[in-house]
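Listing of input.txt, compact mmCIF, C-alpha atoms
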# COMPACT_ATOMS: atom_id res chain seq x y z
CA MET L 47 -2.69 -9.78 34.84
CA ASP L 48 -6.03 -10.82 33.38
CA THR L 49 -6.31 -14.54 32.78
CA THR L 50 -10.08 -14.84 33.01
CA PRO L 51 -11.21 -17.14 30.18
CA VAL L 52 -14.01 -15.96 27.93
CA ASN L 53 -16.31 -18.31 26.08
CA GLY L 54 -15.15 -18.74 22.49
CA PRO L 55 -17.31 -18.30 19.39
CA ALA L 56 -19.66 -21.03 18.25
CA THR L 57 -18.17 -23.62 15.93
CA THR L 58 -18.20 -22.49 12.31
CA ASP L 59 -18.93 -25.09 9.64
CA ILE L 60 -16.21 -25.51 7.04
CA VAL L 61 -16.92 -26.96 3.61
CA PRO L 62 -14.61 -28.43 0.93
CA TYR L 63 -12.67 -26.05 -1.30
CA VAL L 64 -13.89 -24.79 -4.67
CA GLN L 65 -10.98 -25.16 -7.09
CA GLU L 66 -12.16 -22.54 -9.60
CA ARG L 67 -11.56 -19.83 -6.99
CA GLN L 68 -7.82 -20.47 -7.13
CA ILE L 69 -5.62 -17.37 -7.52
CA ASN L 70 -2.37 -17.81 -9.45
CA VAL L 71 0.61 -16.45 -7.51
CA ASN L 72 4.21 -16.23 -8.71
CA VAL L 73 6.67 -17.41 -6.07
CA ASP L 74 10.20 -18.80 -5.98
CA CYS L 75 9.84 -22.16 -4.20
CA ASN L 76 10.84 -25.69 -5.16
CA GLU L 77 7.31 -27.12 -4.84
CA LEU L 78 4.20 -25.27 -6.02
CA ILE L 79 0.80 -26.27 -4.60
CA ASN L 80 -1.80 -23.62 -5.53
CA GLN L 81 -4.66 -25.39 -3.77
CA VAL L 82 -7.69 -23.61 -2.37
CA LEU L 83 -8.39 -24.78 1.19
CA ARG L 84 -11.65 -25.36 3.02
CA THR L 85 -14.26 -22.61 2.84
CA ILE L 86 -16.12 -21.28 5.88
CA ASN L 87 -19.91 -21.55 5.49
CA ALA L 88 -20.60 -18.28 7.29
CA TYR L 89 -18.11 -16.42 5.07
CA PRO L 90 -18.23 -18.14 1.66
CA TYR L 91 -16.56 -15.25 -0.15
CA TYR L 92 -13.39 -15.48 1.95
CA THR L 93 -10.91 -18.09 0.72
CA SER L 94 -7.52 -19.36 1.85
CA GLN L 95 -4.97 -21.03 -0.37
CA ALA L 96 -1.77 -23.05 0.05
CA VAL L 97 0.54 -21.53 -2.58
CA ALA L 98 3.90 -23.33 -2.22
CA VAL L 99 6.41 -24.91 0.13
CA GLY L 100 10.17 -24.93 0.25
CA LYS L 101 11.60 -28.40 0.76
CA LYS L 102 15.04 -28.74 2.30
CA VAL L 103 17.55 -30.18 -0.15
CA VAL L 104 20.20 -31.05 2.44
CA LEU L 105 19.25 -32.85 5.66
CA PRO L 106 19.61 -32.69 8.61
CA SER L 107 18.41 -29.11 8.54
CA VAL L 108 15.93 -26.86 10.33
CA THR L 109 12.49 -27.86 9.12
CA ALA L 110 8.97 -26.93 10.15
CA PHE L 111 8.55 -30.39 11.69
CA SER L 112 11.77 -30.28 13.72
CA VAL L 113 10.75 -26.96 15.30
CA CYS L 114 7.31 -28.37 16.21
CA LYS L 115 8.92 -30.49 18.90
CA THR L 116 10.23 -27.44 20.78
CA PHE L 117 6.73 -26.26 21.72
CA LYS L 118 6.18 -28.99 24.30
CA THR L 119 8.44 -31.50 26.00
CA GLN L 120 8.11 -34.95 24.39
CA ALA L 121 5.90 -33.62 21.57
CA VAL L 122 5.78 -36.18 18.75
CA ASP L 123 3.87 -34.15 16.17
CA CYS L 124 2.81 -30.57 15.36
CA SER L 125 -0.47 -30.48 17.28
CA TYR L 126 0.85 -28.00 19.84
CA ALA L 127 2.75 -25.80 17.40
CA SER L 128 -0.22 -25.59 15.03
CA GLY L 129 -2.22 -23.75 17.69
CA SER L 130 0.48 -21.08 17.71
CA ILE L 131 0.45 -20.96 13.91
CA ALA L 132 -3.34 -20.45 13.92
CA GLY L 133 -2.98 -17.61 16.41
CA GLY L 134 -0.13 -16.08 14.40
CA ILE L 135 -2.06 -16.11 11.12
CA SER L 136 -5.10 -14.56 12.82
CA LEU L 137 -2.93 -11.81 14.33
CA ALA L 138 -1.35 -11.17 10.92
CA ILE L 139 -4.83 -10.59 9.47
CA ILE L 140 -5.79 -8.36 12.38
CA HIS L 141 -2.72 -6.16 11.98
CA GLY L 142 -2.62 -6.22 8.20
CA PHE L 143 -6.10 -4.75 7.94
CA ILE L 144 -6.27 -2.58 11.05
CA ASP L 145 -2.81 -1.00 11.39
CA LEU L 146 -3.32 1.20 8.33
CA ASN L 147 -1.18 3.95 6.84
CA PRO L 148 -1.60 7.26 8.69
CA PRO L 149 -4.13 9.54 6.95
CA LYS L 150 -2.88 12.19 4.53
CA GLU L 151 -1.60 15.47 5.89
CA GLY L 152 -4.43 17.61 7.18
CA ALA L 153 -6.77 14.70 7.87
CA THR L 154 -8.10 14.16 11.36
CA THR L 155 -6.42 11.27 13.17
CA ALA L 156 -5.75 10.09 16.69
CA ALA L 157 -2.43 11.00 18.30
CA PRO L 158 0.26 8.27 18.02
CA SER L 159 -0.06 7.41 21.71
CA ARG L 160 -3.84 7.08 21.35
CA ARG L 161 -3.40 4.84 18.27
CA ARG L 162 -1.18 2.56 20.36
CA ASP L 163 -3.73 2.49 23.18
CA LEU L 164 -6.49 1.52 20.74
CA LEU L 165 -4.33 -1.20 19.18
CA HIS L 166 -3.42 -2.55 22.64
CA GLU L 167 -7.10 -2.71 23.55
CA HIS L 168 -8.10 -4.32 20.26
CA VAL L 169 -5.47 -7.08 20.37
CA GLY L 170 -6.30 -8.03 23.96
CA ASN L 171 -10.04 -7.95 23.34
CA TYR L 172 -9.73 -10.00 20.15
CA LEU L 173 -7.68 -12.76 21.79
CA ARG L 174 -9.97 -12.97 24.81
CA SER L 175 -13.05 -13.07 22.56
CA THR L 176 -11.70 -16.33 21.12
CA GLY L 177 -11.56 -17.86 24.61
CA ALA L 178 -7.79 -17.36 24.98
CA GLU L 179 -6.08 -16.41 28.22
CA VAL L 180 -3.53 -13.59 27.87
CA GLU L 181 -0.86 -12.67 30.42
CA SER L 182 0.08 -9.26 28.97
CA VAL L 183 0.04 -7.05 25.88
CA SER L 184 2.43 -4.13 25.32
CA VAL L 185 2.64 -1.79 22.32
CA ARG L 186 5.58 0.46 21.33
CA PRO L 187 6.44 2.56 18.28
CA LEU L 188 8.29 0.62 15.57
CA MET L 189 11.38 2.59 14.52
CA GLU L 190 13.18 1.10 11.51
CA ASN L 191 14.33 4.15 9.58
CA ARG L 192 17.57 6.05 10.01
CA ASP L 193 15.47 8.93 11.25
CA THR L 194 14.49 7.35 14.54
CA SER L 195 11.93 10.09 15.19
CA VAL L 196 9.67 8.64 12.47
CA GLU L 197 7.40 5.71 13.31
CA SER L 198 7.05 3.03 10.62
CA GLY L 199 4.47 1.03 12.53
CA HIS L 200 3.94 -0.68 15.86
CA SER L 201 5.86 -3.29 17.84
CA ILE L 202 3.52 -5.46 19.90
CA ASP L 203 4.64 -7.99 22.52
CA VAL L 204 1.91 -10.47 23.52
CA ARG L 205 2.98 -12.76 26.35
CA GLY L 206 1.57 -16.01 27.74
CA VAL L 207 -1.29 -16.70 25.33
CA ARG L 208 -3.14 -19.94 26.00
CA GLU L 209 -5.50 -20.62 23.12
CA LEU L 210 -8.87 -22.22 23.87
CA GLY L 211 -8.37 -25.96 24.30
CA GLN L 212 -4.55 -25.72 24.30
CA GLU L 213 -2.29 -26.99 27.09
CA ILE L 214 0.62 -24.70 26.27
CA ARG L 215 1.23 -20.96 26.32
CA THR L 216 2.75 -19.01 23.44
CA ASP L 217 4.48 -15.66 23.07
CA PHE L 218 3.98 -13.46 20.00
CA ARG L 219 6.29 -10.60 19.05
CA ILE L 220 4.72 -8.56 16.25
CA ALA L 221 6.23 -5.91 13.96
CA SER L 222 3.23 -4.33 12.22
CA ARG L 223 4.06 -1.73 9.56
CA PHE L 224 1.77 1.00 8.30
CA ASP L 225 2.32 -0.10 4.68
CA GLY L 226 0.46 -3.38 5.26
CA SER L 227 3.51 -5.62 5.77
CA GLY L 228 4.80 -7.16 8.95
CA ASP L 229 6.10 -10.22 10.73
CA ILE L 230 5.33 -12.23 13.84
CA GLN L 231 7.71 -14.29 15.92
CA THR L 232 5.84 -17.09 17.67
CA THR L 233 7.73 -18.98 20.36
CA PRO L 234 6.94 -21.12 23.41
CA PHE L 235 6.11 -19.02 26.49
CA SER L 236 9.18 -17.78 28.33
CA LYS L 237 9.97 -15.35 31.14
CA ASP L 238 13.09 -14.28 29.22
CA SER L 239 13.38 -10.79 27.78
CA VAL L 240 12.19 -10.04 24.24
CA VAL L 241 15.80 -9.77 22.99
CA ARG L 242 16.87 -13.07 24.58
CA ARG L 243 13.83 -14.94 23.25
CA ALA L 244 14.53 -13.72 19.71
CA SER L 245 18.19 -14.78 19.86
CA THR L 246 17.98 -18.15 21.61
CA THR L 247 14.49 -19.65 21.27
CA ALA L 248 13.25 -21.81 18.40
CA GLY L 249 9.88 -21.01 16.86
CA TYR L 250 8.29 -19.66 13.70
CA LYS L 251 8.40 -16.33 11.92
CA ILE L 252 5.30 -15.38 9.92
CA SER L 253 5.88 -12.60 7.40
CA TRP L 254 2.92 -11.01 5.63
CA GLU L 255 2.02 -8.44 3.01
CA VAL L 256 -1.44 -7.02 2.38
CA SER L 257 -2.63 -5.77 -1.01
CA GLY L 258 -5.79 -4.02 -2.14
CA ARG L 259 -6.72 -2.68 1.28
CA THR L 260 -10.01 -0.79 1.18
CA GLY L 261 -10.30 0.13 4.85
CA ASN L 262 -12.89 -2.58 5.47
CA LYS L 263 -12.09 -4.98 8.30
CA PRO L 264 -13.00 -8.70 8.38
CA PRO L 265 -15.21 -10.00 11.22
CA SER L 266 -13.32 -11.43 14.19
CA GLN L 267 -14.92 -14.88 13.88
CA ALA L 268 -13.83 -15.09 10.22
CA VAL L 269 -10.29 -14.14 11.24
CA THR L 270 -10.18 -16.92 13.84
CA SER L 271 -11.62 -19.54 11.48
CA LEU L 272 -9.24 -18.65 8.63
CA GLY L 273 -6.26 -18.90 10.96
CA GLN L 274 -7.39 -22.40 11.96
CA VAL L 275 -7.96 -23.52 8.35
CA VAL L 276 -4.42 -22.46 7.39
CA ALA L 277 -2.87 -24.03 10.50
CA ASP L 278 -4.66 -27.34 9.88
CA ASP L 279 -3.33 -27.51 6.32
CA TRP L 280 0.18 -26.48 7.43
CA ARG L 281 0.20 -29.17 10.15
CA THR L 282 -1.01 -31.89 7.78
CA ARG L 283 1.66 -31.08 5.21
CA VAL L 284 4.65 -30.71 7.54
CA GLN L 285 3.84 -33.93 9.40
CA ALA L 286 3.47 -35.90 6.16
CA GLN L 287 6.51 -34.33 4.46
CA GLN L 288 9.04 -33.69 7.17
CA ASN L 289 11.56 -31.98 4.86
CA ILE L 290 9.30 -28.93 4.41
CA GLY L 291 10.80 -25.68 5.59
CA ASP L 292 8.85 -22.61 4.48
CA TYR L 293 5.13 -22.51 3.67
CA ILE L 294 3.59 -19.73 1.58
CA GLY L 295 -0.14 -19.05 1.58
CA LEU L 296 -2.72 -16.49 0.53
CA ILE L 297 -6.03 -15.37 2.01
CA ASP L 298 -8.54 -13.47 -0.13
CA LEU L 299 -10.87 -11.35 1.99
CA GLU L 300 -12.74 -9.98 -1.01
CA SER L 301 -13.93 -6.45 -0.13
CA CYS L 302 -11.16 -6.04 2.48
CA GLY L 303 -8.18 -7.06 0.32
CA ARG L 304 -5.71 -9.95 0.22
CA ILE L 305 -2.95 -11.06 2.54
CA GLN L 306 -0.03 -13.24 1.44
CA PHE L 307 2.13 -14.84 4.12
CA ARG L 308 5.15 -17.06 4.65
CA ILE L 309 5.67 -19.35 7.66
CA ILE L 310 9.39 -19.78 8.37
CA PRO L 311 10.87 -22.24 10.92
CA GLU L 312 13.62 -20.76 13.10
CA ASP L 313 15.99 -22.55 15.46
CA GLY L 314 16.95 -19.38 17.35
CA GLY L 315 18.40 -16.14 16.07
CA PHE L 316 15.28 -14.56 14.56
CA GLY L 317 16.21 -11.78 12.16
CA THR L 318 14.71 -8.38 12.87
CA GLY L 319 14.08 -7.46 9.23
CA PHE L 320 11.07 -8.25 7.05
CA GLU L 321 11.45 -11.42 4.97
CA THR L 322 9.78 -11.52 1.55
CA VAL L 323 6.59 -13.52 1.14
CA ASP L 324 7.29 -14.69 -2.41
CA LYS L 325 10.45 -16.75 -1.93
CA CYS L 326 11.25 -19.94 0.02
CA ASN L 327 14.52 -20.97 1.62
CA ALA L 328 15.53 -24.44 0.40

Please, can you express the file's structure as structure tokens?
Amino acid sequence: MDTTPVNGPATTDIVPYVQERQINVNVDCNELINQVLRTINAYPYYTSQAVAVGKKVVLPSVTAFSVCKTFKTQAVDCSYASGSIAGGISLAIIHGFIDLNPPKEGATTAAPSRRRDLLHEHVGNYLRSTGAEVESVSVRPLMENRDTSVESGHSIDVRGVRELGQEIRTDFRIASRFDGSGDIQTTPFSKDSVVRRASTTAGYKISWEVSGRTGNKPPSQAVTSLGQVVADDWRTRVQAQQNIGDYIGLIDLESCGRIQFRIIPEDGGFGTGFETVDKCNA
């Protein structure tokens, strides 16, 4: 187990949003936002956007705010959970733009086992480069088709992540598909098995879809900063409006492509299938 902390990147200045860079997105939610968020000075051409939220019509119900309190005993707000959201969004970007479709037949590519080794190394190195401590990373083939001999992507289990400056540890279970879609289950750290955590533990599911991938990959520091910008906006909204359930957002990485995502609160019983990024549960 490697828990040696690594110094995180230098603080990146963030400036107010530029409204004219807004991208119109069609989604099925009961409150549209379409607001461009803060821009990172070092990467002015990358933008993040709050698209919409789904507000619960009938309360009491599972909301983003109610799940926040499960991340730390006696938590009164979403400060602890937002660190996990930031990490989850960053990991979604990492996987959306790195775990690409296999090359066409005849092209030279690494063997599947080597691809998994490279992904394992990249995920661990990325998290540690941010100053996080990581207990373990494991990568397996993702088999979702009836033909179980065909891989559709990778399943990554990241255990015991303590983000820089955070008191708590978080687990991430990632289903990264070669087509640019995927989902992440983020839950408080637990020694329970993957199956038990997914069926009994409250947390958040982050679904994502990438479009316009060019093969270019965003810099790691930009990935970390964008995850934090989104998490800050998510935290502010769900604390102020405690009937919010789902949150849909969009990140435009210009020459790399775009990633649209949906943050879904779960009270236990995470589904194993992909959940669309253009519709909210009310």

List every residue of segment 236-312 of chain L that has an atom at most 9 Å from any atom of segment 171-176 of chain L, and for each one report the closest atom pair and its distance in Å to one decimal, counting only C-alpha atoms, with rows sorted by chain and then by increasing residue number, as a Markdown table.
| residue | atom | partner | partner_atom | distance |
| --- | --- | --- | --- | --- |
| L:Ser266 | CA | L:Tyr172 | CA | 7.1 |
| L:Gln267 | CA | L:Thr176 | CA | 8.1 |
| L:Thr270 | CA | L:Thr176 | CA | 7.5 |

Could I get the residues of segment 254-297 of chain L with an atom no further than 12 Å from an atom of segment 110-121 of chain L, each paired with its nearest atom pair and that distance in Å to one decimal, using only C-alpha atoms, sorted by chain and residue number, as JSON lines?
{"residue": "L:Trp280", "atom": "CA", "partner": "L:Ala110", "partner_atom": "CA", "distance": 9.2}
{"residue": "L:Arg281", "atom": "CA", "partner": "L:Phe111", "partner_atom": "CA", "distance": 8.6}
{"residue": "L:Thr282", "atom": "CA", "partner": "L:Phe111", "partner_atom": "CA", "distance": 10.4}
{"residue": "L:Arg283", "atom": "CA", "partner": "L:Phe111", "partner_atom": "CA", "distance": 9.5}
{"residue": "L:Val284", "atom": "CA", "partner": "L:Phe111", "partner_atom": "CA", "distance": 5.7}
{"residue": "L:Gln285", "atom": "CA", "partner": "L:Phe111", "partner_atom": "CA", "distance": 6.3}
{"residue": "L:Ala286", "atom": "CA", "partner": "L:Phe111", "partner_atom": "CA", "distance": 9.3}
{"residue": "L:Gln287", "atom": "CA", "partner": "L:Phe111", "partner_atom": "CA", "distance": 8.5}
{"residue": "L:Gln288", "atom": "CA", "partner": "L:Phe111", "partner_atom": "CA", "distance": 5.6}
{"residue": "L:Asn289", "atom": "CA", "partner": "L:Phe111", "partner_atom": "CA", "distance": 7.6}
{"residue": "L:Ile290", "atom": "CA", "partner": "L:Ala110", "partner_atom": "CA", "distance": 6.1}
{"residue": "L:Gly291", "atom": "CA", "partner": "L:Ala110", "partner_atom": "CA", "distance": 5.1}
{"residue": "L:Asp292", "atom": "CA", "partner": "L:Ala110", "partner_atom": "CA", "distance": 7.1}
{"residue": "L:Tyr293", "atom": "CA", "partner": "L:Ala110", "partner_atom": "CA", "distance": 8.7}

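Of the listed residues (L:Lys101, L:Arg84, L:Arg308, L:His141), L:His141 comes nearest to Asp225 of chain L; the distances count all atoms listed in the file.
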
Separation of atom CA of Lys237 of chain L and atom CA of Ile310 of chain L, in Å? 23.2 Å

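What separates atom CA of Val97 of chain L from atom CA of Ile305 of chain L is a distance of 12.2 Å.
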
Because some atoms of segment 131-142 of chain L are absent here, can you restore N, CA, C and O atoms and send them as a PDB file, in the coordinates of the input?
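Written file, result25.pdb:
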ATOM      1  N   ILE L 131       0.524 -21.403  15.302  1.00  0.00           N
ATOM      2  CA  ILE L 131       0.450 -20.960  13.910  1.00  0.00           C
ATOM      3  C   ILE L 131      -0.928 -20.338  13.628  1.00  0.00           C
ATOM      4  O   ILE L 131      -1.049 -19.285  12.997  1.00  0.00           O
ATOM      5  N   ALA L 132      -1.986 -20.984  14.106  1.00  0.00           N
ATOM      6  CA  ALA L 132      -3.340 -20.450  13.920  1.00  0.00           C
ATOM      7  C   ALA L 132      -3.456 -19.056  14.535  1.00  0.00           C
ATOM      8  O   ALA L 132      -4.000 -18.123  13.909  1.00  0.00           O
ATOM      9  N   GLY L 133      -2.946 -18.910  15.757  1.00  0.00           N
ATOM     10  CA  GLY L 133      -2.980 -17.610  16.410  1.00  0.00           C
ATOM     11  C   GLY L 133      -2.156 -16.573  15.660  1.00  0.00           C
ATOM     12  O   GLY L 133      -2.562 -15.413  15.521  1.00  0.00           O
ATOM     13  N   GLY L 134      -0.994 -17.000  15.141  1.00  0.00           N
ATOM     14  CA  GLY L 134      -0.130 -16.080  14.400  1.00  0.00           C
ATOM     15  C   GLY L 134      -0.764 -15.592  13.116  1.00  0.00           C
ATOM     16  O   GLY L 134      -0.694 -14.404  12.780  1.00  0.00           O
ATOM     17  N   ILE L 135      -1.391 -16.502  12.364  1.00  0.00           N
ATOM     18  CA  ILE L 135      -2.060 -16.110  11.120  1.00  0.00           C
ATOM     19  C   ILE L 135      -3.206 -15.151  11.420  1.00  0.00           C
ATOM     20  O   ILE L 135      -3.398 -14.133  10.733  1.00  0.00           O
ATOM     21  N   SER L 136      -3.987 -15.440  12.448  1.00  0.00           N
ATOM     22  CA  SER L 136      -5.100 -14.560  12.820  1.00  0.00           C
ATOM     23  C   SER L 136      -4.591 -13.168  13.192  1.00  0.00           C
ATOM     24  O   SER L 136      -5.165 -12.144  12.795  1.00  0.00           O
ATOM     25  N   LEU L 137      -3.495 -13.109  13.954  1.00  0.00           N
ATOM     26  CA  LEU L 137      -2.930 -11.810  14.330  1.00  0.00           C
ATOM     27  C   LEU L 137      -2.376 -11.067  13.123  1.00  0.00           C
ATOM     28  O   LEU L 137      -2.447  -9.836  13.053  1.00  0.00           O
ATOM     29  N   ALA L 138      -1.829 -11.805  12.156  1.00  0.00           N
ATOM     30  CA  ALA L 138      -1.350 -11.170  10.920  1.00  0.00           C
ATOM     31  C   ALA L 138      -2.505 -10.493  10.182  1.00  0.00           C
ATOM     32  O   ALA L 138      -2.380  -9.369   9.681  1.00  0.00           O
ATOM     33  N   ILE L 139      -3.650 -11.179  10.122  1.00  0.00           N
ATOM     34  CA  ILE L 139      -4.830 -10.590   9.470  1.00  0.00           C
ATOM     35  C   ILE L 139      -5.292  -9.355  10.235  1.00  0.00           C
ATOM     36  O   ILE L 139      -5.566  -8.302   9.649  1.00  0.00           O
ATOM     37  N   ILE L 140      -5.362  -9.479  11.552  1.00  0.00           N
ATOM     38  CA  ILE L 140      -5.790  -8.360  12.380  1.00  0.00           C
ATOM     39  C   ILE L 140      -4.926  -7.129  12.106  1.00  0.00           C
ATOM     40  O   ILE L 140      -5.422  -6.024  11.844  1.00  0.00           O
ATOM     41  N   HIS L 141      -3.621  -7.303  12.140  1.00  0.00           N
ATOM     42  CA  HIS L 141      -2.720  -6.160  11.980  1.00  0.00           C
ATOM     43  C   HIS L 141      -2.638  -5.690  10.536  1.00  0.00           C
ATOM     44  O   HIS L 141      -2.517  -4.485  10.269  1.00  0.00           O
ATOM     45  N   GLY L 142      -2.702  -6.608   9.596  1.00  0.00           N
ATOM     46  CA  GLY L 142      -2.620  -6.220   8.200  1.00  0.00           C
ATOM     47  C   GLY L 142      -3.762  -5.323   7.763  1.00  0.00           C
ATOM     48  O   GLY L 142      -3.586  -4.465   6.893  1.00  0.00           O
TER      49      GLY L 142
END
